[in-house]
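Trainee: Here it is, the structure in full.
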Amino acid sequence: MRATAPAPSCNSCTLAINGAIRDLKAAKRFVARGNLERAEDALANSLPDIARAIRAINHFEK
């Protein structure tokens, strides 16, 4: 079996993805505590990071 080469580094992709993951984990924590309003805010905060990550990945692949 051949080993695949690691994907090239995309720093802006990594930062956006990490930001989205952080917000999604916060949303999960708020849901577990029953604080749905804060969970909604955390989910809303994750959307720009997800969009930024998608744009960065698309730009990086070109």
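Each chain in the structure tokens gets a letter, A, B and so on, in the order shown; residues start at 1 in every chain, and ligands are counted from 1 in the order they appear.
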Quick one: everything within 7 Å of stretch 40-46 of chain A, counting only C-alpha atoms, minus sequence neighbours fewer than 4 positions away in the same chain. Send it as a list in words.

Mentor: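 Counting only the stated atoms, we get Ala20, Asp23, Leu24, Ala26, Ala27, Leu36 and Ile50 of chain A.
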
Trainee: Using DSSP on the backbone, list every residue of chain A that comes out as alpha helix (DSSP H), and give them as a JSON list (two decimals) with C-alpha atoms, in the first residue's frame.

Mentor:
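The resulting out-v2.json:
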[["chain", "number", "residue", "atom", "x", "y", "z"],
["A", 11, "ASN", "CA", -3.14, 28.38, 7.34],
["A", 12, "SER", "CA", -6.30, 30.41, 6.71],
["A", 13, "CYS", "CA", -8.25, 27.15, 6.25],
["A", 14, "THR", "CA", -6.92, 25.80, 9.54],
["A", 15, "LEU", "CA", -7.72, 28.98, 11.47],
["A", 16, "ALA", "CA", -11.28, 29.14, 10.14],
["A", 17, "ILE", "CA", -11.93, 25.46, 10.80],
["A", 18, "ASN", "CA", -10.53, 25.71, 14.34],
["A", 19, "GLY", "CA", -12.73, 28.74, 15.01],
["A", 20, "ALA", "CA", -15.81, 26.88, 13.81],
["A", 21, "ILE", "CA", -14.95, 23.83, 15.91],
["A", 22, "ARG", "CA", -14.50, 26.01, 19.00],
["A", 23, "ASP", "CA", -17.93, 27.63, 18.46],
["A", 24, "LEU", "CA", -19.62, 24.27, 17.82],
["A", 25, "LYS", "CA", -18.14, 22.80, 21.00],
["A", 26, "ALA", "CA", -19.43, 25.81, 22.92],
["A", 27, "ALA", "CA", -22.89, 25.28, 21.41],
["A", 28, "LYS", "CA", -22.82, 21.63, 22.48],
["A", 29, "ARG", "CA", -21.85, 22.66, 26.01],
["A", 30, "PHE", "CA", -24.71, 25.18, 26.20],
["A", 31, "VAL", "CA", -27.23, 22.62, 24.94],
["A", 32, "ALA", "CA", -26.07, 20.15, 27.59],
["A", 36, "LEU", "CA", -30.54, 27.11, 24.35],
["A", 37, "GLU", "CA", -30.31, 30.84, 23.70],
["A", 38, "ARG", "CA", -26.54, 30.82, 24.20],
["A", 39, "ALA", "CA", -26.30, 27.64, 22.10],
["A", 40, "GLU", "CA", -28.11, 29.42, 19.29],
["A", 41, "ASP", "CA", -25.66, 32.33, 19.51],
["A", 42, "ALA", "CA", -22.69, 29.96, 19.42],
["A", 43, "LEU", "CA", -24.10, 28.20, 16.34],
["A", 44, "ALA", "CA", -24.66, 31.54, 14.64],
["A", 45, "ASN", "CA", -21.06, 32.51, 15.44],
["A", 46, "SER", "CA", -19.77, 29.33, 13.78],
["A", 47, "LEU", "CA", -21.42, 30.06, 10.41],
["A", 48, "PRO", "CA", -19.01, 32.82, 9.26],
["A", 49, "ASP", "CA", -16.04, 30.59, 10.17],
["A", 50, "ILE", "CA", -17.49, 27.69, 8.20],
["A", 51, "ALA", "CA", -18.11, 29.93, 5.19],
["A", 52, "ARG", "CA", -14.58, 31.37, 5.47],
["A", 53, "ALA", "CA", -13.10, 27.86, 5.59],
["A", 54, "ILE", "CA", -15.04, 26.78, 2.50],
["A", 55, "ARG", "CA", -13.92, 29.88, 0.58],
["A", 56, "ALA", "CA", -10.29, 29.38, 1.65],
["A", 57, "ILE", "CA", -10.32, 25.71, 0.64],
["A", 58, "ASN", "CA", -11.86, 26.53, -2.75],
["A", 59, "HIS", "CA", -9.29, 29.28, -3.30],
["A", 60, "PHE", "CA", -6.46, 27.03, -2.17],
["A", 61, "GLU", "CA", -7.50, 24.24, -4.58]]
